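Structure file upload_12.csv with CSV, C-alpha atoms:
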```csv
chain,number,residue,atom,x,y,z
A,1,MET,CA,253.0,58.5,58.5
A,2,ARG,CA,256.0,57.4,60.6
A,3,VAL,CA,255.3,54.5,62.9
A,4,TYR,CA,257.5,52.8,65.5
A,5,VAL,CA,257.3,49.1,65.7
A,6,PRO,CA,258.4,47.5,68.9
A,7,LEU,CA,260.5,44.3,68.6
A,8,THR,CA,263.1,42.2,70.3
A,9,LEU,CA,266.4,41.2,68.6
A,10,SER,CA,264.9,37.8,67.9
A,11,GLY,CA,261.9,39.5,66.3
A,12,LEU,CA,264.2,41.7,64.2
A,13,ALA,CA,266.1,38.6,63.1
A,14,GLU,CA,262.8,36.9,62.1
A,15,ALA,CA,261.7,40.1,60.2
A,16,TYR,CA,265.0,40.1,58.4
A,17,LYS,CA,264.6,36.5,57.5
A,18,GLU,CA,261.0,36.9,56.3
A,19,GLY,CA,261.6,40.3,54.7
A,20,GLN,CA,258.7,41.9,56.5
A,21,LEU,CA,257.4,43.0,59.8
A,22,GLY,CA,254.7,40.8,61.2
A,23,PRO,CA,252.6,39.0,62.2
A,24,MET,CA,249.5,40.9,61.4
A,25,PRO,CA,247.8,42.8,62.8
A,26,LEU,CA,250.9,44.7,63.9
A,27,THR,CA,250.9,47.0,66.9
A,28,ALA,CA,253.0,50.1,66.5
A,29,TYR,CA,253.2,53.6,67.9
A,30,ALA,CA,252.8,56.9,66.1
A,31,VAL,CA,251.9,60.6,66.6
A,32,THR,CA,248.1,60.2,67.1
A,33,PRO,CA,245.7,62.9,68.1
A,34,ALA,CA,245.5,61.3,71.6
A,35,LEU,CA,249.3,61.4,71.9
A,36,ARG,CA,249.4,65.0,70.8
A,37,GLU,CA,246.8,66.0,73.3
A,38,TRP,CA,248.6,64.1,76.1
A,39,TYR,CA,252.0,65.5,75.3
A,40,LEU,CA,250.8,69.1,74.8
A,41,SER,CA,253.3,70.0,72.2
A,42,ASP,CA,253.3,71.1,68.6
A,43,ASP,CA,256.9,70.2,68.0
A,44,ILE,CA,256.9,67.2,65.7
A,45,GLU,CA,260.3,66.0,66.8
A,46,GLU,CA,259.2,65.9,70.4
A,47,LEU,CA,256.0,64.1,69.5
A,48,GLU,CA,258.0,61.6,67.4
A,49,TYR,CA,260.3,61.0,70.3
A,50,ALA,CA,257.3,60.4,72.5
A,51,ALA,CA,256.0,57.8,70.1
A,52,LEU,CA,259.4,56.2,69.9
A,53,SER,CA,259.5,56.0,73.7
A,54,ARG,CA,256.1,54.4,73.8
A,55,ALA,CA,257.4,51.8,71.4
A,56,ALA,CA,260.5,51.2,73.5
A,57,GLN,CA,258.2,50.6,76.5
A,58,ALA,CA,256.3,48.0,74.4
A,59,SER,CA,259.6,46.4,73.4
A,60,LEU,CA,260.4,46.0,77.1
A,61,ARG,CA,257.0,44.2,77.5
A,62,LEU,CA,258.0,41.8,74.7
A,63,LEU,CA,261.3,41.1,76.5
A,64,ALA,CA,259.3,40.3,79.7
A,65,VAL,CA,257.5,37.5,77.9
A,66,ASP,CA,260.4,36.2,76.0
A,67,PRO,CA,263.2,35.3,78.5
A,68,ARG,CA,265.4,33.9,75.7
A,69,ALA,CA,265.6,37.1,73.7
A,70,PRO,CA,268.7,39.3,74.2
A,71,ARG,CA,267.9,41.9,76.7
A,72,ARG,CA,268.0,44.9,74.4
A,73,ARG,CA,264.9,46.9,73.3
A,74,VAL,CA,264.4,47.2,69.5
A,75,VAL,CA,262.2,49.7,67.7
A,76,VAL,CA,261.9,49.8,63.9
A,77,ALA,CA,260.9,53.2,62.4
A,78,VAL,CA,258.8,52.8,59.2
A,79,ASP,CA,256.9,55.2,57.0
A,80,VAL,CA,253.5,53.8,56.0
A,81,PRO,CA,250.8,55.4,53.8
A,82,ASP,CA,248.3,57.5,55.8
A,83,GLY,CA,245.3,55.4,56.7
A,84,GLN,CA,247.3,52.2,57.0
A,85,ALA,CA,248.0,52.8,60.7
A,86,VAL,CA,244.8,53.2,62.6
A,87,ALA,CA,244.3,54.1,66.3
A,88,ASP,CA,241.5,52.3,68.1
A,89,PRO,CA,238.9,55.1,68.9
A,90,ASP,CA,237.6,53.1,71.9
A,91,ARG,CA,241.0,53.3,73.5
A,92,GLY,CA,241.7,56.9,72.7
A,93,LEU,CA,241.6,58.1,76.4
A,94,ASP,CA,243.3,55.0,77.8
A,95,GLN,CA,246.7,56.2,78.9
A,96,SER,CA,248.3,52.8,78.3
A,97,ALA,CA,247.3,53.0,74.6
A,98,LEU,CA,248.6,56.6,73.8
A,99,GLY,CA,250.1,56.6,70.4
A,100,GLU,CA,249.1,53.0,69.8
A,101,VAL,CA,248.1,52.1,66.2
A,102,ARG,CA,247.2,48.8,64.4
A,103,ILE,CA,248.5,48.0,61.0
A,104,LYS,CA,246.7,45.2,59.1
A,105,ALA,CA,248.8,45.0,56.0
A,106,ALA,CA,252.3,43.5,55.9
A,107,ILE,CA,255.1,46.0,55.9
A,108,PRO,CA,258.2,45.1,53.9
A,109,LEU,CA,261.3,45.5,56.0
A,110,ALA,CA,262.8,47.3,53.0
A,111,LYS,CA,260.4,50.2,53.8
A,112,ALA,CA,262.1,50.7,57.2
A,113,ALA,CA,263.7,54.0,57.7
A,114,ALA,CA,265.9,53.1,60.7
A,115,VAL,CA,266.4,50.7,63.6
A,116,HIS,CA,266.7,51.9,67.2
A,117,LEU,CA,268.4,49.6,69.7
A,118,ASP,CA,269.8,49.6,73.2
A,119,ALA,CA,273.6,49.7,73.5
A,120,ASP,CA,275.4,46.6,74.9
A,121,ASP,CA,276.0,48.3,78.2
A,122,ALA,CA,272.2,48.7,78.8
A,123,GLU,CA,271.6,45.0,78.9
A,124,ARG,CA,271.8,44.6,82.7
A,125,ASP,CA,269.4,47.4,83.4
A,126,ILE,CA,267.0,46.3,80.6
A,127,ALA,CA,267.1,42.7,82.0
A,128,ALA,CA,266.3,43.9,85.5
A,129,ALA,CA,263.4,46.1,84.1
A,130,ALA,CA,261.9,43.3,82.1
A,131,ASP,CA,262.1,41.0,85.2
A,132,ALA,CA,260.5,43.7,87.4
A,133,LEU,CA,257.7,44.6,85.0
A,134,GLY,CA,255.1,42.2,86.4
A,135,ALA,CA,255.6,43.5,90.0
A,136,ALA,CA,255.5,47.1,88.8
A,137,ASP,CA,252.2,46.5,87.0
A,138,LEU,CA,250.9,45.3,90.4
A,139,GLY,CA,251.9,48.5,92.1
A,140,ASP,CA,255.3,47.7,93.6
A,141,ASP,CA,257.1,51.0,93.8
A,142,ASP,CA,260.6,49.5,93.9
A,143,ALA,CA,259.9,47.4,90.8
A,144,GLN,CA,258.5,50.5,89.1
A,145,PHE,CA,261.7,52.3,89.9
A,146,THR,CA,263.7,49.5,88.2
A,147,VAL,CA,261.4,49.6,85.2
A,148,ASP,CA,261.8,53.4,84.9
A,149,GLY,CA,265.5,52.9,85.0
A,150,ALA,CA,265.3,51.4,81.5
A,151,GLU,CA,264.4,54.9,80.2
A,152,ASP,CA,267.8,56.2,81.4
A,153,HIS,CA,269.2,54.4,78.3
A,154,GLU,CA,268.7,56.2,75.0
A,155,LEU,CA,268.1,53.9,72.0
A,156,LEU,CA,270.9,54.2,69.4
A,157,TRP,CA,270.1,54.8,65.8
A,158,TYR,CA,271.1,52.4,63.1
A,159,ALA,CA,270.7,52.4,59.3
A,160,THR,CA,268.7,49.5,57.9
A,161,GLN,CA,271.7,48.3,56.1
A,162,GLU,CA,273.2,47.5,59.5
A,163,ILE,CA,270.5,45.0,60.4
A,164,PRO,CA,272.6,41.9,59.5
A,165,ASN,CA,275.3,43.1,61.9
A,166,LEU,CA,272.8,43.8,64.6
A,167,ILE,CA,271.3,40.3,64.6
A,168,ASP,CA,274.5,38.4,64.5
```

As a first step, turn the structure in this file into structure tokens.
Amino acid sequence: MRVYVPLTLSGLAEAYKEGQLGPMPLTAYAVTPALREWYLSDDIEELEYAALSRAAQASLRLLAVDPRAPRRRVVVAVDVPDGQAVADPDRGLDQSALGEVRIKAAIPLAKAAAVHLDADDAERDIAAAADALGAADLGDDDAQFTVDGAEDHELLWYATQEIPNLID
């Protein structure tokens, strides 16, 4: 099963140093039955993109609580054995938890398939979105517009061999 782990650049640097993604339990995003039902598609590429997008939103939330982290969303794609990533059945209908899975075992960073990261030119918009997240959660439409602007930036794809250059 392919899972998408939301991080920050600081979190990626820590994972690189430790050689694994953590701490456990780890929250990630995947193509779950609830995500399939919500997205109404049988196209696996579209569903994978939806899971990646959910992880990018979670990365933005991590940035909102870590003002020192560089303002770029990071998502690590990892293939894990079926059954290692488990969706919470009690949150299956909770729209904020669509695609969310928990992983209880450590994931070696060497198992990562790719890293997805915002381009440098997205930093200003991502910073504004992270700053506006709290107000958006409270119903501020202008803040929500700013948060939604983060989605205008596609995450770039990087091979795992490029991680040392990404965290410099």

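From CA of Trp38 in chain A back to CA of Ser53 in chain A, the distance works out to 13.8 Å.
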
With the cut-off set at 12 Å and counting only C-alpha atoms, tabulate each residue of range 15-62 of chain A with an atom at most that distance from an atom of range 117-139 of chain A, showing the nearest atom pair and its distance in Å to one decimal, ordered by chain and increasing number, as a tab-separated table.
```
residue	atom	partner	partner_atom	distance
A:Leu52	CA	A:Leu117	CA	11.2
A:Ser53	CA	A:Leu117	CA	11.7
A:Ala55	CA	A:Leu117	CA	11.3
A:Ala56	CA	A:Leu117	CA	8.9
A:Gln57	CA	A:Ala130	CA	9.9
A:Ala58	CA	A:Ala130	CA	10.6
A:Ser59	CA	A:Ala130	CA	9.5
A:Leu60	CA	A:Ala130	CA	5.9
A:Arg61	CA	A:Ala130	CA	6.8
A:Leu62	CA	A:Ala130	CA	8.5
```

**OP:** Around the point (269.3, 55.0, 69.0), in the coordinates given by the file, pick out the residues reaching within 8 Å, counting only C-alpha atoms, and return them as a ChimeraX atom specification.
**Re:** /A:115-118,154-158

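Using only C-alpha atoms, the shortest contact distance between Met1 in chain A and any of A:Asp66, A:Glu14, A:Glu37, A:Asp79 is found at A:Asp79.
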
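Minimum atom-to-atom distances from A:Val3, A:Leu35, A:Ala69, A:Ile44 to Gln95 in chain A were compared using all atoms listed in the file, and the lowest value belongs to A:Leu35.
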
Original post:
So, counting all atoms listed in the file, which residue among A:Ser10, A:Pro89, A:Ala15, A:Gly99 is closest to Val31 in chain A?
Top reply: A:Gly99

Subject >> Top pick for closest residue to Gly83 in chain A, considering A:Lys104, A:Ala114, A:Arg54, A:Gln20 and counting all atoms listed in the file >> reply: A:Lys104

**OP:** Give me the residues within 10 Å of Val80 in chain A as a list in words, counting all atoms listed in the file and dropping any in the same chain fewer than 5 places off.
**Re:** Met1, Arg2, Val3, Ala85, Ile103, Ala105, Ile107, Lys111 and Ala112 of chain A

**OP:** Figure out the distance between CA of Glu151 in chain A and CA of Tyr49 in chain A, please, to one decimal in Å.
**Re:** 12.3 Å

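Rounded to one decimal, CA of Leu40 in chain A and CA of Val86 in chain A lie 20.9 Å from each other.
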